[in-house]
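Heads up, data-v4.cif below (mmCIF, C-alpha atoms and all ligand atoms):
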data_upload
#
loop_
_atom_site.label_atom_id
_atom_site.label_comp_id
_atom_site.auth_asym_id
_atom_site.auth_seq_id
_atom_site.Cartn_x
_atom_site.Cartn_y
_atom_site.Cartn_z
CA MET A 1 0.00 0.00 0.00
CA ARG A 2 1.33 3.41 -0.98
CA ILE A 3 0.21 6.38 1.11
CA LEU A 4 0.43 10.13 0.47
CA ALA A 5 0.38 12.18 3.68
CA ILE A 6 -0.42 15.86 4.20
CA GLU A 7 0.20 17.86 7.39
CA THR A 8 -0.72 21.55 7.75
CA SER A 9 -1.96 21.81 11.34
CA CYS A 10 0.32 24.72 12.20
CA ASP A 11 2.93 26.67 10.24
CA ASP A 12 4.77 23.93 8.36
CA THR A 13 3.59 22.70 4.95
CA CYS A 14 4.50 19.00 4.99
CA ILE A 15 3.96 16.20 2.47
CA ALA A 16 5.39 12.68 2.48
CA ILE A 17 4.94 9.42 0.61
CA GLY A 18 5.43 6.06 2.27
CA GLU A 19 4.77 2.47 1.29
CA GLY A 20 4.91 -1.04 2.66
CA LYS A 21 3.41 -4.49 2.40
CA THR A 22 3.18 -4.71 6.18
CA PHE A 23 3.43 -2.25 9.06
CA PHE A 24 6.96 -3.50 9.75
CA ASP A 25 8.42 -3.03 6.28
CA PHE A 26 6.81 0.40 5.87
CA SER A 27 9.29 2.92 4.48
CA ILE A 28 9.27 6.55 3.47
CA LEU A 29 9.95 7.31 -0.22
CA ASP A 30 10.31 11.02 0.45
CA GLY A 31 9.13 13.70 2.88
CA ILE A 32 9.43 17.47 2.67
CA VAL A 33 8.76 20.17 5.24
CA SER A 34 8.41 23.69 3.91
CA SER A 35 8.95 25.93 6.92
CA GLN A 36 7.27 29.31 7.34
CA ILE A 37 9.47 30.40 10.24
CA LYS A 38 10.92 33.41 8.40
CA ILE A 39 7.43 34.72 7.66
CA HIS A 40 6.15 34.42 11.24
CA ARG A 41 9.36 35.52 12.96
CA PRO A 42 8.61 39.28 12.87
CA PHE A 43 5.33 38.57 14.73
CA GLY A 44 6.99 36.47 17.44
CA GLY A 45 4.51 33.62 16.88
CA ILE A 46 2.16 32.02 14.36
CA TRP A 47 -0.38 34.18 12.59
CA PRO A 48 -3.07 31.65 11.45
CA THR A 49 -4.44 33.52 8.43
CA LEU A 50 -0.92 34.19 7.19
CA ALA A 51 -0.02 30.53 7.72
CA ARG A 52 -3.05 29.48 5.70
CA ARG A 53 -2.09 31.74 2.81
CA GLU A 54 1.42 30.26 2.81
CA HIS A 55 0.01 26.71 2.83
CA GLN A 56 -2.04 27.64 -0.25
CA LYS A 57 1.09 28.92 -1.97
CA ASN A 58 3.23 25.93 -1.01
CA LEU A 59 1.10 22.77 -1.20
CA VAL A 60 1.23 22.05 -4.94
CA TYR A 61 4.93 22.93 -5.12
CA VAL A 62 5.77 20.62 -2.19
CA LEU A 63 3.60 17.84 -3.67
CA LYS A 64 5.42 18.06 -7.01
CA ARG A 65 8.82 17.88 -5.32
CA VAL A 66 7.86 14.87 -3.20
CA LEU A 67 6.37 13.06 -6.21
CA LYS A 68 9.49 13.83 -8.24
CA GLU A 69 11.86 12.57 -5.54
CA SER A 70 9.75 9.41 -5.23
CA GLY A 71 9.89 8.83 -9.00
CA LEU A 72 6.12 9.31 -9.31
CA LEU A 73 5.85 12.64 -11.17
CA LYS A 74 4.93 12.14 -14.81
CA LYS A 75 3.90 14.89 -17.21
CA ASN A 76 1.00 14.45 -19.62
CA LYS A 77 2.08 14.50 -23.25
CA LYS A 78 -0.35 17.33 -23.82
CA GLU A 79 -2.49 19.24 -21.34
CA LYS A 80 -5.42 17.19 -20.16
CA GLU A 81 -9.01 18.42 -20.06
CA VAL A 82 -10.64 18.35 -16.64
CA SER A 83 -14.39 17.73 -16.89
CA LYS A 84 -16.78 20.56 -16.04
CA GLU A 85 -18.32 18.41 -13.36
CA LYS A 86 -14.97 17.88 -11.65
CA ILE A 87 -14.14 21.58 -11.89
CA GLU A 88 -17.43 22.42 -10.18
CA SER A 89 -16.70 19.95 -7.36
CA LEU A 90 -13.19 21.36 -6.96
CA LYS A 91 -14.61 24.89 -6.78
CA LYS A 92 -16.92 23.77 -3.99
CA ILE A 93 -14.06 22.15 -2.07
CA PHE A 94 -11.87 25.24 -2.45
CA LYS A 95 -14.63 27.75 -1.69
CA LYS A 96 -12.28 29.74 0.55
CA GLU A 97 -8.96 28.88 -1.13
CA SER A 98 -9.10 30.34 -4.62
CA LEU A 99 -5.31 30.42 -4.99
CA LEU A 100 -5.03 26.72 -4.14
CA PHE A 101 -7.90 25.96 -6.54
CA LYS A 102 -5.98 27.52 -9.44
CA LYS A 103 -2.72 25.79 -8.61
CA THR A 104 -4.38 22.40 -8.09
CA LEU A 105 -6.30 22.59 -11.35
CA GLU A 106 -3.11 23.46 -13.22
CA PHE A 107 -1.42 20.44 -11.64
CA PHE A 108 -4.26 18.11 -12.70
CA LYS A 109 -4.01 19.35 -16.28
CA LYS A 110 -0.25 19.00 -16.53
CA TYR A 111 0.50 15.78 -14.69
CA GLN A 112 -0.68 12.19 -14.75
CA LYS A 113 -2.42 10.67 -11.75
CA PRO A 114 0.34 9.17 -9.59
CA LYS A 115 0.01 5.64 -8.26
CA ILE A 116 -1.25 6.32 -4.73
CA ASP A 117 -3.54 3.92 -2.83
CA VAL A 118 -4.69 6.12 0.02
CA ILE A 119 -4.30 9.69 1.29
CA ALA A 120 -3.63 10.50 4.95
CA VAL A 121 -4.32 13.99 6.28
CA THR A 122 -4.12 15.64 9.68
CA VAL A 123 -7.64 16.66 10.73
CA GLY A 124 -6.81 17.99 14.23
CA PRO A 125 -5.91 19.20 16.73
CA GLY A 126 -4.45 22.40 15.30
CA LEU A 127 -5.19 25.84 13.91
CA GLU A 128 -8.53 25.68 12.12
CA PRO A 129 -7.74 27.69 8.96
CA CYS A 130 -4.47 25.78 8.52
CA LEU A 131 -6.12 22.38 9.02
CA TRP A 132 -8.81 23.22 6.44
CA THR A 133 -6.23 24.10 3.80
CA GLY A 134 -4.54 20.69 4.09
CA VAL A 135 -7.84 18.83 4.38
CA ASN A 136 -9.35 20.56 1.33
CA PHE A 137 -6.22 19.79 -0.66
CA ALA A 138 -6.50 16.13 0.40
CA LYS A 139 -10.17 16.13 -0.65
CA ALA A 140 -9.33 17.55 -4.08
CA LEU A 141 -6.60 14.95 -4.64
CA SER A 142 -8.91 12.21 -3.40
CA LEU A 143 -11.66 13.26 -5.79
CA TYR A 144 -9.27 13.40 -8.72
CA PHE A 145 -7.13 10.33 -7.99
CA GLY A 146 -10.15 8.26 -6.91
CA THR A 147 -8.49 7.29 -3.62
CA LYS A 148 -9.98 7.31 -0.15
CA ILE A 149 -8.79 9.31 2.85
CA VAL A 150 -7.64 8.25 6.29
CA PRO A 151 -7.97 11.08 8.84
CA VAL A 152 -5.03 11.39 11.25
CA ASN A 153 -4.84 12.84 14.76
CA HIS A 154 -1.78 15.11 15.01
CA ILE A 155 -0.94 14.00 18.57
CA GLU A 156 -1.15 10.33 17.60
CA ALA A 157 1.16 11.06 14.67
CA HIS A 158 3.70 12.55 17.10
CA ILE A 159 3.52 9.28 19.08
CA PHE A 160 4.25 7.31 15.89
CA ALA A 161 7.20 9.60 15.02
CA SER A 162 9.27 7.99 17.77
CA SER A 163 9.11 4.59 16.02
CA LEU A 164 9.67 5.58 12.41
CA SER A 165 13.28 4.50 12.16
CA LYS A 166 13.87 0.89 11.08
CA GLU A 167 15.56 -0.23 14.26
CA LYS A 168 12.78 1.24 16.46
CA ARG A 169 10.15 -0.44 14.31
CA GLU A 170 11.85 -3.74 15.04
CA LEU A 171 10.93 -3.13 18.67
CA LEU A 172 7.26 -2.96 17.75
CA LYS A 173 7.50 -6.58 16.64
CA SER A 174 7.60 -7.48 20.32
CA PRO A 175 4.91 -5.18 21.69
CA LYS A 176 5.20 -6.77 25.12
CA ARG A 177 8.58 -5.07 25.52
CA ILE A 178 7.07 -1.62 24.93
CA PHE A 179 3.47 -1.64 26.14
CA PRO A 180 1.91 -0.45 28.31
CA ALA A 181 3.84 2.79 27.84
CA VAL A 182 3.57 6.34 29.05
CA CYS A 183 4.00 8.96 26.38
CA LEU A 184 4.87 12.61 26.82
CA ILE A 185 3.88 14.84 23.92
CA VAL A 186 5.43 18.28 24.20
CA SER A 187 4.94 20.77 21.38
CA GLY A 188 4.08 24.40 20.75
CA GLY A 189 0.37 23.70 21.14
CA HIS A 190 0.24 20.70 23.46
CA THR A 191 1.65 19.15 26.60
CA GLN A 192 0.03 15.82 27.34
CA LEU A 193 0.94 12.79 29.36
CA ILE A 194 -0.71 9.75 27.81
CA PHE A 195 -1.10 6.15 28.91
CA VAL A 196 -0.61 3.95 25.84
CA LYS A 197 -2.04 0.48 26.37
CA LYS A 198 -1.00 -0.37 22.81
CA LEU A 199 -0.80 1.55 19.55
CA GLY A 200 -4.26 2.92 18.88
CA LYS A 201 -5.42 2.70 22.51
CA TYR A 202 -4.82 5.80 24.62
CA LYS A 203 -5.87 7.49 27.85
CA ILE A 204 -4.86 11.04 28.70
CA LEU A 205 -3.42 11.13 32.23
CA GLY A 206 -2.84 14.86 32.36
CA GLU A 207 -2.24 17.95 30.29
CA THR A 208 -1.31 21.58 30.62
CA ARG A 209 -3.83 23.89 32.22
CA ASP A 210 -2.50 26.92 30.39
CA ASP A 211 0.60 27.26 28.19
CA ALA A 212 2.17 24.26 26.45
CA ALA A 213 5.85 23.52 27.15
CA GLY A 214 6.91 24.74 23.68
CA GLU A 215 4.78 27.84 24.13
CA ALA A 216 6.63 28.53 27.41
CA PHE A 217 9.96 28.27 25.57
CA ASP A 218 8.63 30.61 22.87
CA LYS A 219 7.20 33.20 25.29
CA ILE A 220 10.27 33.24 27.54
CA ALA A 221 12.50 33.64 24.49
CA ARG A 222 10.41 36.59 23.40
CA ILE A 223 10.84 38.31 26.79
CA LEU A 224 14.58 37.81 26.47
CA GLY A 225 14.56 39.34 23.00
CA LEU A 226 15.27 36.05 21.19
CA PRO A 227 13.64 35.15 17.84
CA TYR A 228 10.79 32.69 17.24
CA PRO A 229 10.73 29.70 17.69
CA GLY A 230 12.20 30.10 21.15
CA GLY A 231 12.98 26.47 22.02
CA PRO A 232 16.08 26.02 19.85
CA GLU A 233 17.31 29.54 20.76
CA ILE A 234 17.00 28.90 24.50
CA GLU A 235 18.71 25.54 24.11
CA LYS A 236 21.63 27.16 22.29
CA LEU A 237 22.07 29.91 24.92
CA ALA A 238 21.67 27.49 27.82
CA ASN A 239 24.84 25.78 26.60
CA TYR A 240 26.81 29.01 26.61
CA GLN A 241 29.85 28.74 28.89
CA MET A 242 29.97 31.63 31.34
CA ASP A 243 33.04 33.31 32.80
CA GLU A 244 33.00 34.78 36.25
CA LEU A 245 31.29 37.97 35.06
CA LEU A 246 27.88 37.27 36.54
CA THR A 247 28.76 34.79 39.21
CA ASN A 248 27.19 37.06 41.79
CA GLN A 249 23.88 37.07 39.89
CA VAL A 250 21.37 34.43 40.89
CA VAL A 251 18.44 33.46 38.75
CA LYS A 252 15.93 31.08 40.28
CA LEU A 253 12.61 30.09 38.76
CA PRO A 254 9.74 28.01 40.19
CA ARG A 255 9.00 24.40 39.12
CA PRO A 256 5.22 24.76 38.68
CA MET A 257 3.07 21.83 39.89
CA ILE A 258 6.08 19.57 40.26
CA TYR A 259 4.71 17.98 43.44
CA SER A 260 0.99 18.14 42.60
CA LYS A 261 -0.83 14.82 42.98
CA ASN A 262 -2.20 14.79 39.44
CA TYR A 263 -0.49 14.64 36.05
CA ASP A 264 -1.40 18.15 34.94
CA PHE A 265 1.09 20.86 34.09
CA SER A 266 1.10 24.66 34.20
CA PHE A 267 3.73 26.78 32.51
CA SER A 268 2.26 30.27 32.33
CA GLY A 269 3.59 31.20 35.82
CA LEU A 270 7.10 30.46 34.63
CA LYS A 271 6.86 33.07 31.91
CA THR A 272 5.54 35.60 34.49
CA ALA A 273 8.45 34.80 36.83
CA VAL A 274 10.91 35.41 33.99
CA LEU A 275 9.21 38.72 33.20
CA HIS A 276 9.41 39.88 36.86
CA ASP A 277 13.10 39.02 37.07
CA TYR A 278 13.82 40.66 33.75
CA LYS A 279 12.04 43.88 34.70
CA ARG A 280 13.95 44.38 37.93
CA ARG A 281 17.39 44.07 36.30
CA SER A 282 19.36 47.06 35.07
CA LYS A 283 19.50 47.67 31.32
CA LYS A 284 23.17 46.71 31.28
CA ILE A 285 22.57 43.36 32.97
CA LYS A 286 19.48 42.32 31.05
CA GLU A 287 21.06 43.02 27.72
CA SER A 288 24.18 41.06 28.62
CA ARG A 289 24.74 37.69 26.99
CA GLU A 290 25.57 36.28 30.44
CA TYR A 291 22.21 37.20 31.95
CA ILE A 292 20.23 35.95 28.96
CA SER A 293 22.18 32.68 29.00
CA LEU A 294 21.74 32.26 32.75
CA MET A 295 18.00 32.79 32.40
CA ALA A 296 17.76 30.50 29.36
CA LYS A 297 19.54 27.76 31.28
CA GLU A 298 17.32 28.12 34.35
CA ALA A 299 14.11 28.25 32.25
CA GLN A 300 15.15 25.12 30.32
CA GLU A 301 16.03 23.37 33.59
CA ALA A 302 12.68 24.30 35.19
CA ILE A 303 10.63 23.04 32.22
CA VAL A 304 12.71 19.85 31.86
CA GLU A 305 12.57 19.01 35.58
CA VAL A 306 8.78 19.25 35.75
CA LEU A 307 8.28 17.22 32.56
CA VAL A 308 10.66 14.45 33.59
CA LYS A 309 9.49 14.24 37.21
CA LYS A 310 5.83 13.80 36.27
CA THR A 311 6.51 11.33 33.47
CA ILE A 312 8.70 9.16 35.71
CA LYS A 313 6.00 9.29 38.40
CA ALA A 314 3.46 8.02 35.86
CA GLN A 315 5.88 5.33 34.65
CA LYS A 316 6.15 4.01 38.20
CA GLU A 317 2.46 4.22 39.02
CA PHE A 318 1.36 2.42 35.86
CA GLY A 319 4.30 0.04 35.59
CA ALA A 320 5.02 1.27 32.07
CA LYS A 321 7.58 -0.72 30.09
CA SER A 322 8.66 2.30 28.12
CA ILE A 323 8.60 6.07 28.04
CA ILE A 324 7.79 7.49 24.62
CA LEU A 325 8.60 11.08 23.76
CA GLY A 326 7.24 13.24 20.94
CA GLY A 327 6.58 16.78 19.71
CA GLY A 328 8.85 19.72 18.92
CA VAL A 329 10.25 20.09 22.45
CA SER A 330 11.53 16.50 22.28
CA ALA A 331 14.22 17.87 19.95
CA ASN A 332 15.74 19.33 23.14
CA LYS A 333 18.96 17.55 24.10
CA ARG A 334 18.82 18.43 27.79
CA LEU A 335 15.31 16.94 28.08
CA LYS A 336 16.56 13.62 26.65
CA GLU A 337 19.67 13.68 28.84
CA VAL A 338 17.68 14.16 32.05
CA PHE A 339 15.21 11.45 30.98
CA GLN A 340 18.10 9.00 30.36
CA ARG A 341 19.65 9.88 33.72
CA GLU A 342 16.40 9.42 35.68
CA ILE A 343 15.49 6.22 33.85
CA GLN A 344 18.88 4.74 34.78
CA LYS A 345 18.09 5.50 38.44
CA LEU A 346 14.93 3.35 38.33
CA LYS A 347 15.01 -0.01 40.08
CA LYS A 348 14.11 -1.55 36.77
CA PRO A 349 15.02 0.91 33.98
CA CYS A 350 12.39 1.04 31.26
CA LEU A 351 12.91 1.62 27.54
CA PHE A 352 13.22 5.20 26.33
CA ILE A 353 11.89 5.79 22.83
CA PHE A 354 12.22 9.22 21.23
CA PRO A 355 12.12 10.50 17.63
CA GLU A 356 15.23 11.49 15.73
CA LYS A 357 15.56 15.29 15.87
CA ARG A 358 14.24 15.87 12.34
CA LEU A 359 11.03 14.00 13.19
CA ALA A 360 10.44 15.64 16.60
CA THR A 361 8.97 18.79 15.04
CA ASP A 362 6.03 18.71 12.64
CA ASN A 363 6.43 16.56 9.52
CA ALA A 364 4.29 14.42 7.23
CA GLU A 365 6.35 11.23 7.58
CA MET A 366 4.79 10.62 10.98
CA VAL A 367 1.35 11.27 9.46
CA ALA A 368 2.08 8.73 6.71
CA PHE A 369 3.15 6.09 9.25
CA CYS A 370 0.20 6.76 11.57
CA GLY A 371 -2.17 6.87 8.58
CA TYR A 372 -0.79 3.57 7.28
CA PHE A 373 -1.56 2.00 10.65
CA GLY A 374 -5.09 3.47 10.53
CA ALA A 375 -5.64 2.47 6.91
CA LYS A 376 -5.26 -1.18 7.87
CA LYS A 377 -8.60 -0.83 9.66
CA SER A 378 -11.33 -0.46 7.09
CA ASP A 379 -13.58 1.65 9.36
CA LYS A 380 -10.94 4.38 9.45
CA ILE A 381 -10.84 4.89 5.68
CA LYS A 382 -13.42 7.35 4.46
CA ASN A 383 -14.87 8.94 1.36
CA TRP A 384 -13.59 12.52 0.94
CA ARG A 385 -17.07 13.94 1.45
CA LYS A 386 -17.03 12.67 5.02
CA ILE A 387 -13.77 14.37 6.03
CA ARG A 388 -13.78 17.56 8.11
CA VAL A 389 -11.47 19.22 10.64
CA TYR A 390 -11.51 19.06 14.44
CA PRO A 391 -9.35 21.88 15.91
CA ASN A 392 -9.73 20.47 19.45
CA LEU A 393 -9.57 16.77 18.56
CA LYS A 394 -8.75 14.55 21.57
CA LEU A 395 -6.96 11.22 21.58
CA GLN A 396 -9.23 8.29 22.35
O1 LIG B 1 5.61 19.85 17.26
P1 LIG B 1 5.94 21.20 16.77
O2 LIG B 1 6.86 21.32 15.58
O3 LIG B 1 4.66 22.02 16.40
C1 LIG B 1 3.46 21.92 17.14
O4 LIG B 1 2.71 20.95 16.92
O5 LIG B 1 3.28 22.82 17.99
O6 LIG B 1 6.57 22.01 18.01
C2 LIG B 1 7.04 23.32 17.92
C3 LIG B 1 7.52 23.75 19.29
C4 LIG B 1 7.89 25.22 19.39
O7 LIG B 1 7.26 25.78 20.53
C5 LIG B 1 9.41 25.21 19.54
O8 LIG B 1 9.92 26.29 20.31
C6 LIG B 1 9.63 23.89 20.25
O9 LIG B 1 8.70 23.01 19.66
N1 LIG B 1 10.99 23.39 20.04
C7 LIG B 1 11.90 23.23 21.03
C8 LIG B 1 13.11 22.79 20.40
N2 LIG B 1 12.88 22.70 19.06
C9 LIG B 1 11.59 23.06 18.86
N3 LIG B 1 11.82 23.42 22.35
C10 LIG B 1 12.92 23.20 23.09
N4 LIG B 1 14.10 22.79 22.57
C11 LIG B 1 14.24 22.58 21.24
N5 LIG B 1 15.41 22.20 20.73
ZN ZN B 2 3.13 19.08 16.35
#

I need this file expressed as structure tokens, please.
Amino acid sequence: MRILAIETSCDDTCIAIGEGKTFFDFSILDGIVSSQIKIHRPFGGIWPTLARREHQKNLVYVLKRVLKESGLLKKNKKEKEVSKEKIESLKKIFKKESLLFKKTLEFFKKYQKPKIDVIAVTVGPGLEPCLWTGVNFAKALSLYFGTKIVPVNHIEAHIFASSLSKEKRELLKSPKRIFPAVCLIVSGGHTQLIFVKKLGKYKILGETRDDAAGEAFDKIARILGLPYPGGPEIEKLANYQMDELLTNQVVKLPRPMIYSKNYDFSFSGLKTAVLHDYKRRSKKIKESREYISLMAKEAQEAIVEVLVKKTIKAQKEFGAKSIILGGGVSANKRLKEVFQREIQKLKKPCLFIFPEKRLATDNAEMVAFCGYFGAKKSDKIKNWRKIRVYPNLKLQ
């Protein structure tokens, strides 16, 4: 089965193609992420309507590149007619995306239908206008190629990202070694601790009550005058080696909810604490590289400590055989280091499964893999008319 996957839940335009005879020999032919970071950077965060416009501009271009790299892009000898009936249906699908309508129609005229068996698309959770752009594109391709659609949950796709590499997939052949697992998904929009009985069977143990972990990184970075996205910037500065210049300066932040009895998180207080500290410093200090690095290090430490402490607590309580990590923040090296260290301290260390850095942040390869898993169950595959978006979609 060959699957084409589309992911536009936030600011990245992502398309991938994967194929396999079984779940275990599934492989990615190609995957491309077209990042919009440069466009959103001046705003210090994502601007949904701007992101949607960029998705409209990028989708056909990214699709063509992925098809080409996969050896599936073939031009028609001469431009093909698209029936009036199909054009009308496409117009209806792209009611609010006229630019994408034009580009898609051009593509259908110029290129042959590629050999794709099913289309996977992220339907939620995410930013509504962005989700619709990807979903409408998937609908148009589905209508034209005559293939069905498998809707994918973005959070579930992040769970699958950790097992995409060949050697990790080998592990899935002995599910008893991995499941039950606890999974921590930490991204710009979500922070969730999930009990995974097996792939496809989830229970949310806790989640953030306000800001997500990635959002905390982004907001703290903004206070410190660092560009968006803040996570990688804070990580870089946290590694900065300091001389004795500021040794008399102390920066201490709270560890919100670290000892609370539940598995919820709260990160908005952390950002406020950073702001208070920042405001009371002199201009000279707060603009110094030493202060910003000291604060970045302490903020990273505070976020990492809370995330690791609560995940390990859940691992113990539920006797999880593995800890699975996913989402943009799981690209953070310090987070993985502290996890490894704490897992080694356990009486019986569990497995630690995390995505390679490239697959921690949003991508369509994880959507392809997750969609492939879903497509094996016939009740998950749907006609394009039945597909819609769910901005607040929960894992079930
Ligand atoms: O999963 P993702 O690409 O998009 C969402 O679904 O939200 O996550 C993006 C988030 C951003 O908040 C970004 O600052 C954070 O992941 N992030 C990091 C790192 N790389 C990305 N946070 C901490 N350390 C990193 N190295
Ligand atoms: Zn994500």

Env. residues ligand ZN 2 (chain B) / 9 Å / all atoms listed in the file / as a PDB file with C-alpha atoms, in the frame of the given file:
ATOM      1  CA  SER A   9      -1.960  21.810  11.340  1.00  0.00           C
ATOM      2  CA  CYS A  10       0.320  24.720  12.200  1.00  0.00           C
ATOM      3  CA  GLY A 126      -4.450  22.400  15.300  1.00  0.00           C
ATOM      4  CA  HIS A 154      -1.780  15.110  15.010  1.00  0.00           C
ATOM      5  CA  ILE A 155      -0.940  14.000  18.570  1.00  0.00           C
ATOM      6  CA  ALA A 157       1.160  11.060  14.670  1.00  0.00           C
ATOM      7  CA  HIS A 158       3.700  12.550  17.100  1.00  0.00           C
ATOM      8  CA  ILE A 185       3.880  14.840  23.920  1.00  0.00           C
ATOM      9  CA  VAL A 186       5.430  18.280  24.200  1.00  0.00           C
ATOM     10  CA  SER A 187       4.940  20.770  21.380  1.00  0.00           C
ATOM     11  CA  GLY A 188       4.080  24.400  20.750  1.00  0.00           C
ATOM     12  CA  GLY A 189       0.370  23.700  21.140  1.00  0.00           C
ATOM     13  CA  HIS A 190       0.240  20.700  23.460  1.00  0.00           C
ATOM     14  CA  GLY A 326       7.240  13.240  20.940  1.00  0.00           C
ATOM     15  CA  GLY A 327       6.580  16.780  19.710  1.00  0.00           C
ATOM     16  CA  GLY A 328       8.850  19.720  18.920  1.00  0.00           C
ATOM     17  CA  ALA A 360      10.440  15.640  16.600  1.00  0.00           C
ATOM     18  CA  THR A 361       8.970  18.790  15.040  1.00  0.00           C
ATOM     19  CA  ASP A 362       6.030  18.710  12.640  1.00  0.00           C
ATOM     20  CA  ASN A 363       6.430  16.560   9.520  1.00  0.00           C
TER      21      ASN A 363
END

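Picture a line from atom CA of Ala212 of chain A to atom CA of Cys350 of chain A; it runs 25.8 Å.
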
Take atom CA of Val182 of chain A and atom CA of Ile204 of chain A and report the distance between them in Å, one decimal.
9.7 Å

For ligand LIG 1 (chain B), what centre and edge lengths in Å (one decimal) does the axis-aligned box get once 5 Å is added on each side of all its listed atoms, as JSON?
{"center_x": 9.1, "center_y": 23.1, "center_z": 19.3, "size_x": 22.7, "size_y": 16.4, "size_z": 17.5}

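When only C-alpha atoms are used to measure the gap to Lys376 of chain A, the shortest distance among A:Leu105, A:Ile87, A:Ile285, A:Ile3 belongs to A:Ile3.
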
Env of segment 312-314 of chain A: 9 Å cut, atoms = only C-alpha atoms, seq-sep filter 4 positions within chain, self excluded. Answer as a VMD selection string.
chain A and resid 182 193 195 205 263 307 to 308 318 to 320 323 339 342 to 343 346

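Atom CA of Lys139 of chain A is positioned 25.0 Å from atom CA of Ile159 of chain A.
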
List every residue of segment 106-225 of chain A that has an atom at most 7 Å from any atom of segment 47-54 of chain A, giving for each one its closest atom pair and the distance in Å to one decimal, counting only C-alpha atoms, sorted by chain and then by ascending residue number, as a tab-separated table.
residue	atom	partner	partner_atom	distance
A:Leu127	CA	A:Pro48	CA	6.7
A:Pro129	CA	A:Arg52	CA	6.0
A:Cys130	CA	A:Arg52	CA	4.9
A:Thr133	CA	A:Arg52	CA	6.5

C-alpha atoms of segment 339-367 of chain A from block above, as a PDB file, in the first residue's frame:
ATOM      1  CA  PHE A 339      15.211  11.450  30.984  1.00  0.00           C
ATOM      2  CA  GLN A 340      18.098   9.002  30.356  1.00  0.00           C
ATOM      3  CA  ARG A 341      19.652   9.880  33.723  1.00  0.00           C
ATOM      4  CA  GLU A 342      16.404   9.422  35.683  1.00  0.00           C
ATOM      5  CA  ILE A 343      15.492   6.216  33.850  1.00  0.00           C
ATOM      6  CA  GLN A 344      18.877   4.744  34.785  1.00  0.00           C
ATOM      7  CA  LYS A 345      18.088   5.498  38.443  1.00  0.00           C
ATOM      8  CA  LEU A 346      14.929   3.354  38.332  1.00  0.00           C
ATOM      9  CA  LYS A 347      15.014  -0.009  40.079  1.00  0.00           C
ATOM     10  CA  LYS A 348      14.106  -1.546  36.766  1.00  0.00           C
ATOM     11  CA  PRO A 349      15.023   0.912  33.981  1.00  0.00           C
ATOM     12  CA  CYS A 350      12.391   1.036  31.263  1.00  0.00           C
ATOM     13  CA  LEU A 351      12.908   1.620  27.536  1.00  0.00           C
ATOM     14  CA  PHE A 352      13.218   5.199  26.327  1.00  0.00           C
ATOM     15  CA  ILE A 353      11.886   5.792  22.828  1.00  0.00           C
ATOM     16  CA  PHE A 354      12.223   9.217  21.229  1.00  0.00           C
ATOM     17  CA  PRO A 355      12.123  10.496  17.634  1.00  0.00           C
ATOM     18  CA  GLU A 356      15.227  11.493  15.729  1.00  0.00           C
ATOM     19  CA  LYS A 357      15.557  15.290  15.866  1.00  0.00           C
ATOM     20  CA  ARG A 358      14.241  15.868  12.344  1.00  0.00           C
ATOM     21  CA  LEU A 359      11.033  13.996  13.194  1.00  0.00           C
ATOM     22  CA  ALA A 360      10.435  15.645  16.597  1.00  0.00           C
ATOM     23  CA  THR A 361       8.969  18.792  15.045  1.00  0.00           C
ATOM     24  CA  ASP A 362       6.027  18.709  12.641  1.00  0.00           C
ATOM     25  CA  ASN A 363       6.431  16.565   9.523  1.00  0.00           C
ATOM     26  CA  ALA A 364       4.294  14.415   7.226  1.00  0.00           C
ATOM     27  CA  GLU A 365       6.351  11.232   7.577  1.00  0.00           C
ATOM     28  CA  MET A 366       4.786  10.619  10.977  1.00  0.00           C
ATOM     29  CA  VAL A 367       1.350  11.274   9.455  1.00  0.00           C
TER      30      VAL A 367
END
